[in-house]
Amino acid sequence: MLLGTRGGKTTVDELAQSLAVPRNHLAKIVQRLQHLGLIETIRGRGGGVLLADGATTASIGGLIRRLEADGEVVNCDTPACPLRAGCRLRGALRRAQEAFYASLDEVTIGDLLHPPTRDLLLSLTTR
């Protein structure tokens, strides 16, 4: 989202410094977001990172689903839960998780790039 507020390209080093996160950690996040098609990277001198075309229309719910790989809230299989055969909680948790994602489907990355959310997010950066 910081990329969207800057309106152009920036470097991983600049982002890491602004967000006060380790550069190596941010580089892995950049790679993942590039793989998801949300950001573009340009190598070499004058290169950098920028928000991909169309990224602002991506839903937050869809993004979280892709990042979480549709994992369940609670893993009942490893180690195997002795209550699995008669448990009613697992299905309820699945429905609650999907309702959570569905509510976030209504929010896009672009929605978060406008005030007041934009201003709040920018206030969290170090510069």
# chains A, B, ... in the order shown; residues from 1 in each chain; ligands from 1
$ residues_around --residues "range 36-42 of chain A" --least-positions-apart "3" --cutoff "10 Å" --atoms "only C-alpha atoms" --output "ChimeraX atom specification"
/A:3-4,9-12,30-33,45-58,63,66-67,109
$ write_last_selection --atoms "N, CA and C atoms" --output "PDB file, in the first residue's frame"
ATOM      1  N   LEU A   3       3.520   1.606  -1.640  1.00  0.00           N
ATOM      2  CA  LEU A   3       3.846   1.849  -3.047  1.00  0.00           C
ATOM      3  C   LEU A   3       2.751   2.655  -3.729  1.00  0.00           C
ATOM      4  N   GLY A   4       1.522   2.351  -3.434  1.00  0.00           N
ATOM      5  CA  GLY A   4       0.400   3.053  -4.042  1.00  0.00           C
ATOM      6  C   GLY A   4       0.309   4.504  -3.614  1.00  0.00           C
ATOM      7  N   LYS A   9       7.889   4.478  -8.700  1.00  0.00           N
ATOM      8  CA  LYS A   9       8.734   3.377  -8.226  1.00  0.00           C
ATOM      9  C   LYS A   9       9.614   3.837  -7.071  1.00  0.00           C
ATOM     10  N   THR A  10       9.971   2.875  -6.282  1.00  0.00           N
ATOM     11  CA  THR A  10      10.863   3.079  -5.152  1.00  0.00           C
ATOM     12  C   THR A  10      11.713   1.827  -5.016  1.00  0.00           C
ATOM     13  N   THR A  11      12.715   1.868  -4.206  1.00  0.00           N
ATOM     14  CA  THR A  11      13.587   0.701  -4.055  1.00  0.00           C
ATOM     15  C   THR A  11      13.191  -0.100  -2.825  1.00  0.00           C
ATOM     16  N   VAL A  12      13.639  -1.336  -2.797  1.00  0.00           N
ATOM     17  CA  VAL A  12      13.404  -2.187  -1.632  1.00  0.00           C
ATOM     18  C   VAL A  12      14.078  -1.570  -0.413  1.00  0.00           C
ATOM     19  N   VAL A  30       8.334  -8.724  -1.306  1.00  0.00           N
ATOM     20  CA  VAL A  30       8.269  -8.153  -2.656  1.00  0.00           C
ATOM     21  C   VAL A  30       8.196  -9.270  -3.689  1.00  0.00           C
ATOM     22  N   GLN A  31       9.003 -10.284  -3.517  1.00  0.00           N
ATOM     23  CA  GLN A  31       9.002 -11.411  -4.460  1.00  0.00           C
ATOM     24  C   GLN A  31       7.635 -12.098  -4.474  1.00  0.00           C
ATOM     25  N   ARG A  32       7.054 -12.289  -3.314  1.00  0.00           N
ATOM     26  CA  ARG A  32       5.740 -12.943  -3.227  1.00  0.00           C
ATOM     27  C   ARG A  32       4.651 -12.093  -3.879  1.00  0.00           C
ATOM     28  N   LEU A  33       4.676 -10.788  -3.610  1.00  0.00           N
ATOM     29  CA  LEU A  33       3.673  -9.903  -4.200  1.00  0.00           C
ATOM     30  C   LEU A  33       3.851  -9.779  -5.706  1.00  0.00           C
ATOM     31  N   ARG A  45      20.262  -0.534 -12.553  1.00  0.00           N
ATOM     32  CA  ARG A  45      20.366   0.861 -12.166  1.00  0.00           C
ATOM     33  C   ARG A  45      19.091   1.596 -12.584  1.00  0.00           C
ATOM     34  N   GLY A  46      18.565   2.371 -11.679  1.00  0.00           N
ATOM     35  CA  GLY A  46      17.312   3.064 -11.955  1.00  0.00           C
ATOM     36  C   GLY A  46      16.101   2.170 -11.788  1.00  0.00           C
ATOM     37  N   GLY A  47      16.316   0.952 -11.314  1.00  0.00           N
ATOM     38  CA  GLY A  47      15.217   0.018 -11.118  1.00  0.00           C
ATOM     39  C   GLY A  47      14.459   0.306  -9.848  1.00  0.00           C
ATOM     40  N   GLY A  48      13.569  -0.550  -9.530  1.00  0.00           N
ATOM     41  CA  GLY A  48      12.794  -0.385  -8.317  1.00  0.00           C
ATOM     42  C   GLY A  48      11.557  -1.255  -8.310  1.00  0.00           C
ATOM     43  N   VAL A  49      10.638  -0.870  -7.479  1.00  0.00           N
ATOM     44  CA  VAL A  49       9.404  -1.612  -7.266  1.00  0.00           C
ATOM     45  C   VAL A  49       8.247  -0.632  -7.424  1.00  0.00           C
ATOM     46  N   LEU A  50       7.183  -1.057  -8.110  1.00  0.00           N
ATOM     47  CA  LEU A  50       5.997  -0.219  -8.237  1.00  0.00           C
ATOM     48  C   LEU A  50       4.754  -1.072  -8.258  1.00  0.00           C
ATOM     49  N   LEU A  51       3.646  -0.452  -7.929  1.00  0.00           N
ATOM     50  CA  LEU A  51       2.363  -1.135  -7.939  1.00  0.00           C
ATOM     51  C   LEU A  51       2.015  -1.510  -9.373  1.00  0.00           C
ATOM     52  N   ALA A  52       1.605  -2.743  -9.584  1.00  0.00           N
ATOM     53  CA  ALA A  52       1.265  -3.221 -10.924  1.00  0.00           C
ATOM     54  C   ALA A  52      -0.050  -2.610 -11.392  1.00  0.00           C
ATOM     55  N   ASP A  53      -0.196  -2.509 -12.710  1.00  0.00           N
ATOM     56  CA  ASP A  53      -1.464  -2.053 -13.284  1.00  0.00           C
ATOM     57  C   ASP A  53      -2.568  -2.990 -12.821  1.00  0.00           C
ATOM     58  N   GLY A  54      -3.647  -2.432 -12.380  1.00  0.00           N
ATOM     59  CA  GLY A  54      -4.778  -3.232 -11.943  1.00  0.00           C
ATOM     60  C   GLY A  54      -4.714  -3.698 -10.497  1.00  0.00           C
ATOM     61  N   ALA A  55      -3.597  -3.477  -9.827  1.00  0.00           N
ATOM     62  CA  ALA A  55      -3.465  -3.945  -8.444  1.00  0.00           C
ATOM     63  C   ALA A  55      -4.457  -3.262  -7.515  1.00  0.00           C
ATOM     64  N   THR A  56      -4.804  -2.029  -7.821  1.00  0.00           N
ATOM     65  CA  THR A  56      -5.706  -1.299  -6.927  1.00  0.00           C
ATOM     66  C   THR A  56      -7.125  -1.873  -6.926  1.00  0.00           C
ATOM     67  N   THR A  57      -7.459  -2.691  -7.919  1.00  0.00           N
ATOM     68  CA  THR A  57      -8.797  -3.293  -7.948  1.00  0.00           C
ATOM     69  C   THR A  57      -8.831  -4.661  -7.271  1.00  0.00           C
ATOM     70  N   ALA A  58      -7.691  -5.149  -6.834  1.00  0.00           N
ATOM     71  CA  ALA A  58      -7.636  -6.455  -6.156  1.00  0.00           C
ATOM     72  C   ALA A  58      -8.323  -6.362  -4.801  1.00  0.00           C
ATOM     73  N   LEU A  63      -6.786 -11.327  -1.721  1.00  0.00           N
ATOM     74  CA  LEU A  63      -5.356 -11.280  -1.412  1.00  0.00           C
ATOM     75  C   LEU A  63      -5.037 -12.149  -0.208  1.00  0.00           C
ATOM     76  N   ARG A  66      -5.144 -15.818  -1.049  1.00  0.00           N
ATOM     77  CA  ARG A  66      -3.956 -16.251  -1.800  1.00  0.00           C
ATOM     78  C   ARG A  66      -2.724 -16.329  -0.911  1.00  0.00           C
ATOM     79  N   LEU A  67      -2.597 -15.393   0.014  1.00  0.00           N
ATOM     80  CA  LEU A  67      -1.444 -15.413   0.916  1.00  0.00           C
ATOM     81  C   LEU A  67      -1.538 -16.531   1.938  1.00  0.00           C
ATOM     82  N   ILE A 109      -7.568  -2.846  -2.600  1.00  0.00           N
ATOM     83  CA  ILE A 109      -6.333  -2.150  -2.267  1.00  0.00           C
ATOM     84  C   ILE A 109      -6.499  -0.656  -2.538  1.00  0.00           C
TER      85      ILE A 109
END
$ residues_around --residues "Arg90 in chain A" --least-positions-apart "2" --cutoff "10 Å" --atoms "only C-alpha atoms" --output "MDAnalysis selection string"
chainID A and resid 72:76 84 86:88 92:96
$ residues_around --residues "Ser18 in chain A" --least-positions-apart "2" --cutoff "9 Å" --atoms "only C-alpha atoms" --output "ChimeraX atom specification"
/A:13-16,20-21,124-127
$ atom_distance --atom1 "CA of Ile60 in chain A" --atom2 "CA of Leu26 in chain A"
19.4 Å
$ select_by_dssp --residues "chain A" --states "strand (DSSP E or B)" --output "JSON, numbers by chain"
{"A": [10, 39, 40, 41, 42, 48, 49, 50, 51, 59, 108]}
$ write_last_selection --atoms "N, CA and C atoms" --output "JSON list (two decimals), in the first residue's frame"
[["chain", "number", "residue", "atom", "x", "y", "z"],
["A", 10, "THR", "N", 9.97, 2.87, -6.28],
["A", 10, "THR", "CA", 10.86, 3.08, -5.15],
["A", 10, "THR", "C", 11.71, 1.83, -5.02],
["A", 39, "ILE", "N", 2.67, -6.31, -7.75],
["A", 39, "ILE", "CA", 3.71, -5.32, -7.94],
["A", 39, "ILE", "C", 4.60, -5.74, -9.10],
["A", 40, "GLU", "N", 5.29, -4.76, -9.65],
["A", 40, "GLU", "CA", 6.27, -5.01, -10.70],
["A", 40, "GLU", "C", 7.63, -4.62, -10.17],
["A", 41, "THR", "N", 8.65, -5.36, -10.59],
["A", 41, "THR", "CA", 10.00, -5.01, -10.21],
["A", 41, "THR", "C", 10.81, -4.73, -11.47],
["A", 42, "ILE", "N", 11.68, -3.76, -11.35],
["A", 42, "ILE", "CA", 12.56, -3.39, -12.45],
["A", 42, "ILE", "C", 13.98, -3.53, -11.94],
["A", 48, "GLY", "N", 13.57, -0.55, -9.53],
["A", 48, "GLY", "CA", 12.79, -0.38, -8.32],
["A", 48, "GLY", "C", 11.56, -1.25, -8.31],
["A", 49, "VAL", "N", 10.64, -0.87, -7.48],
["A", 49, "VAL", "CA", 9.40, -1.61, -7.27],
["A", 49, "VAL", "C", 8.25, -0.63, -7.42],
["A", 50, "LEU", "N", 7.18, -1.06, -8.11],
["A", 50, "LEU", "CA", 6.00, -0.22, -8.24],
["A", 50, "LEU", "C", 4.75, -1.07, -8.26],
["A", 51, "LEU", "N", 3.65, -0.45, -7.93],
["A", 51, "LEU", "CA", 2.36, -1.14, -7.94],
["A", 51, "LEU", "C", 2.01, -1.51, -9.37],
["A", 59, "SER", "N", -9.14, -7.36, -4.48],
["A", 59, "SER", "CA", -9.83, -7.35, -3.19],
["A", 59, "SER", "C", -8.90, -7.82, -2.08],
["A", 108, "THR", "N", -11.04, -3.05, -1.56],
["A", 108, "THR", "CA", -9.93, -3.22, -2.51],
["A", 108, "THR", "C", -8.69, -2.51, -2.00]]
$ select_by_dssp --residues "range 41-109 of chain A" --states "alpha helix (DSSP H)" --output "MDAnalysis selection string"
chainID A and resid 60:68 89:105
$ write_last_selection --atoms "C-alpha atoms" --output "short mmCIF file (atom, residue, chain, number, x, y, z; two decimals), in the first residue's frame"
data_model
loop_
_atom_site.label_atom_id
_atom_site.label_comp_id
_atom_site.auth_asym_id
_atom_site.auth_seq_id
_atom_site.Cartn_x
_atom_site.Cartn_y
_atom_site.Cartn_z
CA ILE A 60 -8.32 -7.66 0.26
CA GLY A 61 -10.28 -10.89 0.81
CA GLY A 62 -8.83 -12.41 -2.36
CA LEU A 63 -5.36 -11.28 -1.41
CA ILE A 64 -5.56 -12.84 2.04
CA ARG A 65 -6.94 -16.09 0.57
CA ARG A 66 -3.96 -16.25 -1.80
CA LEU A 67 -1.44 -15.41 0.92
CA GLU A 68 -2.94 -17.85 3.40
CA LEU A 89 -16.45 -26.67 15.71
CA ARG A 90 -14.40 -27.32 12.56
CA GLY A 91 -17.30 -26.65 10.20
CA ALA A 92 -18.33 -23.55 12.16
CA LEU A 93 -14.78 -22.22 11.99
CA ARG A 94 -14.69 -22.80 8.21
CA ARG A 95 -17.94 -20.87 7.78
CA ALA A 96 -16.69 -18.05 10.02
CA GLN A 97 -13.43 -17.85 8.08
CA GLU A 98 -15.26 -17.65 4.76
CA ALA A 99 -17.59 -14.97 6.13
CA PHE A 100 -14.50 -13.01 7.20
CA TYR A 101 -12.98 -13.29 3.71
CA ALA A 102 -16.32 -12.43 2.07
CA SER A 103 -16.57 -9.22 4.10
CA LEU A 104 -13.04 -8.30 2.98
CA ASP A 105 -13.93 -9.04 -0.66
#
